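Peer 1: Contents of run-v2.txt (compact mmCIF, C-alpha atoms):
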```txt
# COMPACT_ATOMS: atom_id res chain seq x y z
CA MET A 1 0.00 0.00 0.00
CA THR A 2 1.14 3.55 -0.66
CA MET A 3 0.40 6.73 1.22
CA ALA A 4 -1.67 9.69 0.01
CA ILE A 5 -2.73 12.89 1.82
CA PHE A 6 -6.02 14.60 0.96
CA LEU A 7 -7.70 17.92 1.68
CA LEU A 8 -11.43 18.41 1.26
CA ALA A 9 -12.64 20.82 -1.41
CA ASP A 10 -15.58 23.21 -0.79
CA ASP A 11 -18.03 20.63 -2.19
CA GLY A 12 -16.68 17.95 0.19
CA THR A 13 -14.75 15.91 -2.39
CA PRO A 14 -11.18 14.88 -1.49
CA GLN A 15 -8.39 16.60 -3.40
CA GLU A 16 -4.99 14.88 -3.38
CA VAL A 17 -2.16 17.08 -2.13
CA HIS A 18 1.54 16.45 -2.75
CA GLY A 19 2.87 18.19 0.33
CA TYR A 20 3.08 18.06 4.10
CA PHE A 21 1.16 19.41 7.06
CA THR A 22 3.14 21.85 9.20
CA ASP A 23 2.59 23.37 12.63
CA GLU A 24 1.56 26.64 10.96
CA GLN A 25 -1.17 24.90 8.99
CA LEU A 26 -2.42 22.70 11.77
CA ASP A 27 -3.81 23.12 15.24
CA ARG A 28 -1.92 20.27 16.98
CA SER A 29 -4.61 20.02 19.67
CA ASN A 30 -7.00 18.74 16.98
CA THR A 31 -6.48 14.97 17.34
CA GLU A 32 -9.17 14.17 14.78
CA TRP A 33 -7.47 15.80 11.80
CA THR A 34 -6.64 12.45 10.19
CA SER A 35 -10.16 11.05 10.44
CA ALA A 36 -12.36 10.58 7.39
CA GLY A 37 -15.00 13.30 7.49
CA SER A 38 -12.69 15.87 9.07
CA ASP A 39 -13.12 19.37 7.67
CA LEU A 40 -9.33 19.64 7.42
CA GLY A 41 -8.18 16.41 5.82
CA PHE A 42 -7.68 12.70 6.30
CA LEU A 43 -5.21 9.92 5.58
CA GLU A 44 -5.97 7.09 3.21
CA LEU A 45 -4.13 4.07 1.80
CA HIS A 46 -4.36 2.98 -1.82
CA GLU A 47 -4.72 -0.74 -2.40
CA VAL A 48 -2.20 -2.07 -4.90
CA THR A 49 -1.42 -5.59 -6.09
CA GLU A 50 1.94 -6.91 -4.93
CA HIS A 51 3.80 -10.19 -5.03
CA THR A 52 6.12 -11.74 -2.48
CA ASN A 53 8.67 -14.24 -3.72
CA LYS A 54 10.48 -16.57 -1.33
CA ALA A 55 12.96 -19.38 -1.91
CA THR A 56 14.50 -22.10 0.23
CA ALA A 57 18.07 -23.25 -0.42
CA THR A 58 18.80 -26.93 0.23
CA GLY A 59 21.84 -29.19 -0.01
CA LEU A 60 24.23 -26.57 1.39
CA GLU A 61 27.65 -27.58 2.70
CA PRO A 62 29.14 -26.38 6.03
CA GLY A 63 31.75 -23.62 5.99
CA THR A 64 31.03 -22.68 2.38
CA GLU A 65 30.45 -19.29 0.73
CA TYR A 66 27.53 -19.15 -1.70
CA PHE A 67 26.56 -16.48 -4.22
CA PHE A 68 23.10 -15.56 -5.55
CA GLU A 69 21.10 -13.10 -7.62
CA VAL A 70 17.45 -12.10 -7.25
CA GLY A 71 15.28 -11.21 -10.24
CA CYS A 72 14.03 -12.51 -13.57
CA GLU A 73 14.93 -12.30 -17.26
CA GLU A 74 12.13 -9.80 -18.00
CA GLU A 75 12.88 -7.35 -15.18
CA GLY A 76 16.60 -7.94 -14.72
CA PHE A 77 18.59 -9.13 -11.72
CA SER A 78 19.97 -7.62 -8.54
CA GLU A 79 23.62 -7.26 -7.70
CA VAL A 80 25.27 -10.50 -6.68
CA GLY A 81 24.75 -11.35 -3.01
CA SER A 82 26.60 -13.86 -0.86
CA PHE A 83 26.50 -15.69 2.46
CA ARG A 84 28.64 -18.20 4.31
CA THR A 85 27.27 -21.26 6.08
CA SER A 86 28.53 -22.11 9.56
CA ALA A 87 31.48 -24.46 9.85
CA ALA A 88 30.71 -27.92 11.21
CA ASP A 89 33.38 -27.68 13.93
CA SER A 90 33.11 -23.95 14.69
CA GLU A 91 33.75 -23.03 18.34
CA GLU A 92 33.20 -19.29 18.01
CA PHE A 93 31.51 -16.91 15.58
CA SER A 94 30.29 -13.33 15.29
CA PHE A 95 26.82 -11.99 14.55
CA ILE A 96 25.24 -8.53 14.64
CA HIS A 97 22.32 -7.61 16.91
CA TYR A 98 20.38 -4.44 16.04
CA THR A 99 16.80 -3.32 16.56
CA ASP A 100 14.01 -0.78 16.07
CA THR A 101 14.79 0.67 12.65
CA GLN A 102 11.20 1.94 12.76
CA ASN A 103 11.29 4.37 9.82
CA THR A 104 8.10 6.36 9.22
CA TYR A 105 6.27 7.34 6.05
CA TRP A 106 5.82 10.94 7.17
CA ASN A 107 9.57 11.42 7.59
CA ALA A 108 10.73 9.76 4.37
CA ASN A 109 11.23 13.09 2.57
CA VAL A 110 12.30 15.17 5.57
CA ASN A 111 14.45 13.02 7.87
CA ASN A 112 15.03 9.76 6.04
CA GLU A 113 15.04 7.34 8.96
CA ALA A 114 15.51 4.30 6.73
CA ALA A 115 18.90 5.78 5.78
CA TYR A 116 19.89 5.89 9.46
CA GLY A 117 18.97 2.23 9.87
CA ALA A 118 20.94 1.31 6.76
CA ASN A 119 23.96 3.28 8.01
CA THR A 120 23.76 1.59 11.44
CA LEU A 121 23.92 -1.78 9.74
CA GLU A 122 26.83 -0.73 7.50
CA LEU A 123 28.82 0.53 10.50
CA ALA A 124 28.04 -2.68 12.39
CA ARG A 125 29.46 -4.69 9.50
CA GLU A 126 32.62 -2.58 9.61
CA THR A 127 32.90 -3.19 13.36
CA ALA A 128 32.25 -6.93 13.02
CA PRO A 129 33.52 -7.77 9.52
CA LYS A 130 33.41 -11.52 10.20
CA ALA A 131 29.74 -11.51 11.27
CA LEU A 132 27.91 -14.41 9.63
CA PHE A 133 24.37 -13.06 10.08
CA ALA A 134 22.32 -10.33 11.76
CA LEU A 135 19.57 -10.61 14.36
CA HIS A 136 16.97 -7.81 14.24
CA THR A 137 14.77 -7.73 17.36
CA GLY A 138 11.71 -6.01 15.98
CA ASP A 139 9.99 -2.81 14.87
CA PHE A 140 11.36 -3.01 11.37
CA VAL A 141 8.94 -0.21 10.39
CA GLU A 142 6.67 2.29 12.13
CA THR A 143 3.38 1.34 10.43
CA ALA A 144 3.17 -2.16 8.96
CA ALA A 145 0.26 -1.35 6.64
CA VAL A 146 2.23 1.35 4.80
CA GLU A 147 4.18 -0.49 2.12
CA ASP A 148 6.42 2.50 1.40
CA GLU A 149 8.09 2.01 4.80
CA TRP A 150 9.07 -1.59 4.04
CA VAL A 151 10.28 -0.61 0.57
CA ASP A 152 12.39 2.31 1.85
CA ASN A 153 13.97 0.15 4.52
CA LEU A 154 14.76 -2.77 2.24
CA ASP A 155 15.97 -0.58 -0.63
CA LEU A 156 18.36 1.50 1.46
CA SER A 157 19.71 -1.54 3.32
CA GLN A 158 20.05 -3.64 0.16
CA LYS A 159 23.85 -3.46 0.07
CA SER A 160 24.13 -5.00 3.53
CA ASN A 161 21.18 -7.35 3.13
CA LEU A 162 22.74 -8.91 0.03
CA ARG A 163 25.78 -9.89 2.08
CA LEU A 164 24.31 -10.64 5.49
CA PRO A 165 21.53 -13.17 6.17
CA HIS A 166 18.98 -12.00 8.72
CA ALA A 167 16.97 -13.58 11.49
CA TYR A 168 13.99 -11.30 12.12
CA THR A 169 11.95 -10.87 15.30
CA PRO A 170 8.45 -9.33 15.14
CA GLY A 171 7.88 -6.02 16.93
CA ASN A 172 4.60 -4.34 17.86
CA HIS A 173 4.93 -1.73 15.09
CA ASP A 174 5.32 -4.54 12.56
CA GLU A 175 1.59 -5.25 12.91
CA TYR A 176 0.20 -1.70 13.11
CA ARG A 177 -2.38 -0.38 10.66
CA LEU A 178 -2.62 3.30 9.79
CA ARG A 179 -5.15 3.89 12.58
CA TYR A 180 -5.27 1.96 15.86
CA GLN A 181 -9.01 1.52 15.61
CA ASP A 182 -8.60 -0.44 12.37
CA GLY A 183 -7.16 -3.47 14.16
CA LYS A 184 -3.84 -5.14 13.40
CA SER A 185 -2.10 -6.16 10.17
CA LEU A 186 -1.39 -9.70 11.36
CA GLU A 187 0.41 -11.00 8.27
CA SER A 188 2.61 -8.02 7.30
CA PHE A 189 5.69 -9.24 9.16
CA ASN A 190 5.59 -12.70 7.58
CA ASN A 191 4.79 -11.27 4.15
CA HIS A 192 8.02 -9.27 4.23
CA THR A 193 10.35 -11.79 5.90
CA ASN A 194 11.20 -15.38 5.11
CA VAL A 195 11.18 -16.86 8.61
CA PRO A 196 9.75 -20.18 9.87
CA ILE A 197 6.20 -20.35 11.21
CA THR A 198 5.81 -22.73 14.16
CA ASN A 199 2.44 -24.35 14.97
CA ASP A 200 0.91 -22.41 12.03
CA ALA A 201 0.80 -19.40 14.37
CA VAL A 202 0.83 -16.05 12.56
CA THR A 203 -0.20 -13.33 15.01
CA GLY A 204 1.56 -10.17 13.98
CA GLY A 205 4.60 -12.39 13.44
CA SER A 206 5.73 -15.91 14.25
CA TYR A 207 8.09 -17.78 16.57
CA TYR A 208 10.81 -20.24 15.64
CA SER A 209 14.33 -21.47 16.47
CA PHE A 210 17.52 -22.35 14.62
CA ASP A 211 21.03 -23.63 15.29
CA HIS A 212 24.23 -21.91 14.21
CA SER A 213 27.81 -22.95 14.99
CA GLY A 214 26.93 -24.81 18.16
CA ALA A 215 24.56 -22.10 19.42
CA HIS A 216 20.76 -22.39 19.61
CA PHE A 217 18.67 -19.27 18.89
CA VAL A 218 15.05 -19.05 20.04
CA ILE A 219 12.96 -16.24 18.49
CA LEU A 220 9.71 -15.44 20.30
CA ASN A 221 6.73 -13.35 19.18
CA THR A 222 5.60 -10.83 21.81
CA ASN A 223 2.61 -9.87 19.64
CA ASP A 224 0.69 -12.81 21.08
CA ASN A 225 -1.32 -10.39 23.22
CA LYS A 226 -4.76 -10.98 21.69
CA ALA A 227 -7.56 -12.32 23.90
CA SER A 228 -8.14 -15.99 23.18
CA GLU A 229 -8.66 -19.29 24.97
CA ASP A 230 -4.87 -19.76 24.79
CA ASN A 231 -4.21 -16.28 26.18
CA PRO A 232 -7.13 -15.11 28.35
CA GLU A 233 -5.03 -12.46 30.14
CA GLN A 234 -3.62 -11.10 26.85
CA GLY A 235 -0.01 -11.59 27.84
CA ALA A 236 2.81 -10.82 25.43
CA ILE A 237 3.39 -14.58 25.11
CA GLY A 238 0.50 -17.04 24.97
CA GLN A 239 0.43 -20.38 26.78
CA LYS A 240 1.04 -22.48 23.67
CA GLN A 241 4.07 -20.42 22.61
CA MET A 242 5.49 -20.48 26.15
CA LYS A 243 5.12 -24.26 26.34
CA TRP A 244 6.83 -24.63 22.95
CA ALA A 245 9.72 -22.39 24.08
CA LYS A 246 10.33 -24.46 27.22
CA GLN A 247 10.33 -27.72 25.25
CA ASP A 248 12.52 -26.26 22.49
CA ILE A 249 15.18 -24.91 24.87
CA ALA A 250 15.21 -28.11 26.94
CA GLN A 251 15.70 -30.13 23.75
CA ALA A 252 18.52 -27.86 22.61
CA ARG A 253 20.36 -28.36 25.90
CA GLU A 254 19.84 -32.11 25.63
CA ASN A 255 21.27 -31.97 22.10
CA GLY A 256 24.43 -30.34 23.45
CA ALA A 257 24.03 -26.67 22.46
CA ASN A 258 27.05 -24.68 23.68
CA TRP A 259 25.01 -21.48 23.93
CA VAL A 260 21.30 -20.70 24.11
CA VAL A 261 20.27 -17.22 22.94
CA LEU A 262 16.69 -16.05 23.49
CA ALA A 263 15.38 -13.13 21.42
CA TYR A 264 12.12 -11.19 21.54
CA HIS A 265 10.96 -7.60 21.14
CA LYS A 266 9.27 -6.38 24.34
CA PRO A 267 11.83 -6.39 27.18
CA VAL A 268 11.54 -7.68 30.72
CA TYR A 269 14.60 -5.63 31.78
CA SER A 270 15.32 -2.18 30.43
CA ALA A 271 16.86 1.18 31.30
CA SER A 272 13.64 2.82 30.10
CA TYR A 273 9.98 2.40 30.93
CA HIS A 274 8.32 -0.28 28.78
CA ALA A 275 9.59 -3.27 30.76
CA LEU A 276 7.67 -2.21 33.87
CA GLN A 277 4.78 -0.32 32.25
CA ASP A 278 3.48 -2.59 29.47
CA GLU A 279 0.56 -4.56 30.87
CA ASP A 280 0.98 -7.50 28.47
CA VAL A 281 4.61 -7.89 29.59
CA GLN A 282 3.63 -7.88 33.26
CA VAL A 283 1.25 -10.81 32.67
CA THR A 284 4.10 -13.04 31.50
CA ARG A 285 7.11 -11.30 33.06
CA GLU A 286 7.77 -13.84 35.80
CA ASP A 287 7.37 -16.76 33.38
CA PHE A 288 9.89 -15.11 30.99
CA VAL A 289 12.54 -14.69 33.69
CA GLN A 290 11.98 -18.08 35.28
CA LEU A 291 12.11 -19.83 31.91
CA ALA A 292 15.39 -18.15 30.95
CA ASP A 293 17.06 -18.86 34.29
CA GLU A 294 15.92 -22.42 34.92
CA LEU A 295 16.59 -23.64 31.36
CA GLY A 296 20.08 -22.17 31.22
CA VAL A 297 19.62 -19.39 28.65
CA ASP A 298 22.93 -17.53 28.35
CA VAL A 299 21.87 -14.17 26.91
CA VAL A 300 18.56 -12.52 26.02
CA MET A 301 18.40 -10.08 23.08
CA GLN A 302 15.56 -7.53 23.34
CA GLY A 303 14.28 -4.36 21.62
CA HIS A 304 11.38 -1.92 22.00
CA ASP A 305 12.92 0.43 24.56
CA HIS A 306 15.38 2.43 22.39
CA ASN A 307 17.99 2.81 25.16
CA LEU A 308 21.26 0.91 25.50
CA THR A 309 20.78 -1.67 28.25
CA ARG A 310 22.91 -4.49 29.58
CA THR A 311 22.04 -6.09 32.89
CA LYS A 312 24.32 -7.84 35.33
CA SER A 313 24.04 -11.63 35.41
CA LEU A 314 20.56 -12.20 36.86
CA VAL A 315 18.95 -15.23 38.48
CA TYR A 316 15.23 -15.71 38.98
CA THR A 317 13.66 -14.85 42.31
CA PRO A 318 9.96 -14.43 43.21
CA ASP A 319 10.90 -12.08 46.05
CA ASN A 320 10.95 -8.68 44.30
CA PHE A 321 9.03 -6.74 41.67
CA ALA A 322 11.72 -7.38 39.04
CA TYR A 323 11.85 -11.15 39.67
CA GLY A 324 15.62 -10.89 39.38
CA ALA A 325 18.59 -11.05 41.76
CA VAL A 326 22.18 -10.18 40.82
CA GLU A 327 24.45 -13.21 40.71
CA ASP A 328 27.84 -12.93 42.43
CA THR A 329 29.97 -14.21 39.55
CA GLU A 330 33.66 -14.81 39.07
CA LYS A 331 35.13 -12.02 36.91
CA LYS A 332 38.01 -11.98 34.45
CA THR A 333 39.40 -8.97 32.56
CA ILE A 334 40.34 -9.55 28.92
CA ASP A 335 41.74 -6.65 26.86
CA GLY A 336 40.43 -4.20 29.45
CA VAL A 337 36.89 -5.61 29.40
CA GLU A 338 35.39 -7.38 32.42
CA HIS A 339 33.86 -10.78 31.63
CA HIS A 340 31.71 -13.16 33.67
CA VAL A 341 33.28 -16.61 34.01
CA ASN A 342 30.70 -19.38 33.49
CA PRO A 343 27.78 -17.50 35.10
CA ASP A 344 24.66 -19.41 36.09
CA GLY A 345 22.46 -16.38 35.50
CA VAL A 346 21.24 -14.57 32.39
CA THR A 347 22.36 -11.28 30.81
CA TYR A 348 19.66 -9.15 29.13
CA VAL A 349 20.63 -6.74 26.32
CA ILE A 350 18.98 -3.93 24.33
CA PRO A 351 21.32 -2.46 21.66
CA ASN A 352 19.86 1.04 21.80
CA THR A 353 18.13 1.68 18.45
CA SER A 354 19.26 1.56 14.83
CA GLY A 355 16.94 4.44 13.89
CA THR A 356 16.46 7.97 15.19
CA LYS A 357 13.98 7.58 18.07
CA ALA A 358 15.70 7.48 21.46
CA TYR A 359 14.19 6.97 24.93
CA ALA A 360 15.52 8.25 28.27
CA ALA A 361 17.09 6.10 30.99
CA ILE A 362 14.43 7.29 33.41
CA TYR A 363 15.46 5.41 36.57
CA GLN A 364 18.78 7.26 36.80
CA LYS A 365 16.87 10.44 37.72
CA GLY A 366 15.04 9.08 40.74
CA ALA A 367 11.50 8.14 41.73
CA ASP A 368 10.02 11.66 41.48
CA HIS A 369 11.17 11.96 37.86
CA VAL A 370 9.82 8.50 37.02
CA ALA A 371 6.40 9.37 38.46
CA LYS A 372 6.36 12.66 36.55
CA VAL A 373 7.18 11.25 33.11
CA ARG A 374 5.44 7.86 33.57
CA PRO A 375 2.45 8.19 35.94
CA LYS A 376 1.75 4.43 35.65
CA LEU A 377 5.02 3.89 37.53
CA ASP A 378 4.21 6.22 40.43
CA TRP A 379 4.30 3.21 42.79
CA MET A 380 8.10 3.16 42.56
CA ASP A 381 10.08 4.65 45.46
CA GLU A 382 13.78 5.49 45.61
CA ALA A 383 14.70 1.96 46.69
CA ASP A 384 12.90 0.60 43.61
CA THR A 385 14.60 2.97 41.18
CA ASP A 386 18.01 2.30 42.79
CA TYR A 387 17.44 -1.43 42.42
```
Mind turning the file's structure into structure tokens?

Peer 2:
Amino acid sequence: MTMAIFLLADDGTPQEVHGYFTDEQLDRSNTEWTSAGSDLGFLELHEVTEHTNKATATGLEPGTEYFFEVGCEEEGFSEVGSFRTSAADSEEFSFIHYTDTQNTYWNANVNNEAAYGANTLELARETAPKALFALHTGDFVETAAVEDEWVDNLDLSQKSNLRLPHAYTPGNHDEYRLRYQDGKSLESFNNHTNVPITNDAVTGGSYYSFDHSGAHFVILNTNDNKASEDNPEQGAIGQKQMKWAKQDIAQARENGANWVVLAYHKPVYSASYHALQDEDVQVTREDFVQLADELGVDVVMQGHDHNLTRTKSLVYTPDNFAYGAVEDTEKKTIDGVEHHVNPDGVTYVIPNTSGTKAYAAIYQKGADHVAKVRPKLDWMDEADTDY
């Protein structure tokens, strides 16, 4: 779908405008200006026919570089892309974790956010030139129903995408329609990514797992928060998905995985506010933390909260609001960086944001500040924010 902006003529008929609303033109207190029937204007999407092509490569050999082109004889082909499969006896490898590209249609011609996301990925590849793939933890776009956002993002990141396979995680924005009242675009994420679909579950995304170089990656879908028999409390993760995750991780450990990496969009630990404010996260928060700790997950990759976050090594406890206690681990310094030595607990990470939207680390400013900027968290006192 593409985006058009209309103004209403004197006779009430919509007239397409190739331009932008500005503060001078618009009373920002008028929250209904985008609604159909407004005397100022409204937003509308044009339906267009599109095709999604996906392919599965089989018969690949370990530790081998492969080359490919995308296209057809009639329309031409892309530049040559490449990827390298993991080596059968690999003991270490590099991958890139980035998140929340979240480019918006209304900024495409003013502050091209897709270009920022593409540049983030290019710089990451320079920093980790031996990375074998990238893990994106959600919010690929701002509004899933606006096709221009997907196109801008994919086009501007094409250079990196052709040389770096991706594992994608669904974010909440990856199911948004133009207006909240129009429901959710439940298939947009899977239409634009070629990821597995477990248990035929497509709910604003899907969940799946894969192995790479002795590590097991588990990708969860925190868009499960629709009322159903499986999820009566509308938690970020439904009961069926949670049961699958426990069985999948247990099986991976039994199979001898050296590392278990859990990835999802909505965080349970964060320097900013979503982890403690989002109601659907609170429903399943304790289950998340307990699952990761008891099944021996090594690291959890998150998104959503646009602020660089790395926790200490945490172990599950039911005794505090965060359900986490800091593990007293053995430390070792390598090249000036402190490392945990064989921790039992779990480290939770948010890699800031690959786009332009940044959130504040609100707990560093004390309980009064938290209550002011996030009234839903006014229950927190200084001891809570310090913790």

Peer 1: Set the distance at 12 Å and use all atoms listed in the file: which residues neighbour Phe140 of chain A once local chain neighbours fewer than 5 positions away are removed? I'd like the list as a PyMOL selection string.

Peer 2: chain A and resi 98-104+113-114+117-118+135+147+149-154+157+167-176+188-190+192-193+205+265+303-304+353-355

Peer 1: Find, counting all atoms listed in the file, the residue in A:Leu262, A:Val80, A:Ala257, A:Val370 that gets nearest to Gln302 of chain A.

Peer 2: A:Leu262

Peer 1: Residues around (5.6, -24.3, 23.1), cut-off 12 Å, counting only C-alpha atoms - what are they as a PyMOL selection string?

Peer 2: chain A and resi 198-199+201+207-209+218-221+230+237-251+291

Peer 1: With only C-alpha atoms as the basis for distance, which of A:Glu47, A:Val346, A:Arg310, A:Glu142 is at the shortest distance from Leu295 of chain A?

Peer 2: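 Using only C-alpha atoms, Leu295 of chain A sits closest to A:Val346.
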
Peer 1: List as JSON, numbers by chain: which residues have an atom within 10 Å of (-2.6, -8.8, 26.8), counting all atoms listed in the file?

Peer 2: {"A": [222, 223, 224, 225, 226, 227, 228, 231, 232, 233, 234, 235, 236, 237, 238, 278, 279, 280, 281, 282, 283, 284]}

Peer 1: If you measure from atom CA of Asn53 of chain A to atom CA of Ser78 of chain A, what distance in Å do you get, rounded to one decimal?

Peer 2: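 Between atom CA of Asn53 of chain A and atom CA of Ser78 of chain A the gap is 14.0 Å.
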
Peer 1: Which residue is closest to Val297 of chain A? Choose from A:Pro129, A:Gly345, A:Gly138, A:Pro165 and count only C-alpha atoms.

Peer 2: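 That would be A:Gly345, the residue with the smallest distance to Val297 of chain A.
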
Peer 1: Choose the residue, out of A:His369, A:His340, A:Thr356, A:Val315, that has the smallest atom-to-atom separation from Tyr116 of chain A; count all atoms listed in the file.

Peer 2: A:Thr356

Peer 1: So which one's closest to Asn258 of chain A, A:Glu92, A:Val341, A:Tyr323, A:Leu178? Using all atoms listed in the file, please.

Peer 2: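 Once distances to Asn258 of chain A are computed over all atoms listed in the file, the minimum belongs to A:Glu92.
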
Peer 1: Measuring between only C-alpha atoms, which one of A:Ser272, A:Gln277, A:Ser86, A:Asn255 shows the shortest distance to Ala131 of chain A?

Peer 2: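 Selected residue with least distance to Ala131 of chain A: A:Ser86.
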
Peer 1: Would you list the contacts of Asp368 of chain A as number ranges by chain, taking every protein, DNA or RNA residue within 9 Å and counting all atoms listed in the file, but skipping same-chain residues closer than 5 positions in sequence?

Peer 2: A: 373, 378, 380-382

Peer 1: Quote the spacing between atom CA of Gln181 of chain A and atom CA of Leu276 of chain A in Å to one decimal place.

Peer 2: 25.0 Å

Peer 1: As an exercise, work out the distance from atom CA of Thr203 of chain A to atom CA of His274 of chain A in Å and give it to one decimal place.

Peer 2: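 Answer for the atom CA of Thr203 of chain A to atom CA of His274 of chain A separation: 20.8 Å.
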
Peer 1: Please provide as a list of chain:residue names all residues within 10 Å of Thr311 of chain A, with the sequence filter that same-chain residues fewer than 6 positions apart are discarded (counting only C-alpha atoms).

Peer 2: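 Once the nearby chain positions are removed, what remains is A:Tyr269, A:Ser270, A:Ala271, A:Val326, A:Val346, A:Thr347, A:Tyr348, A:Val349, A:Ile350.
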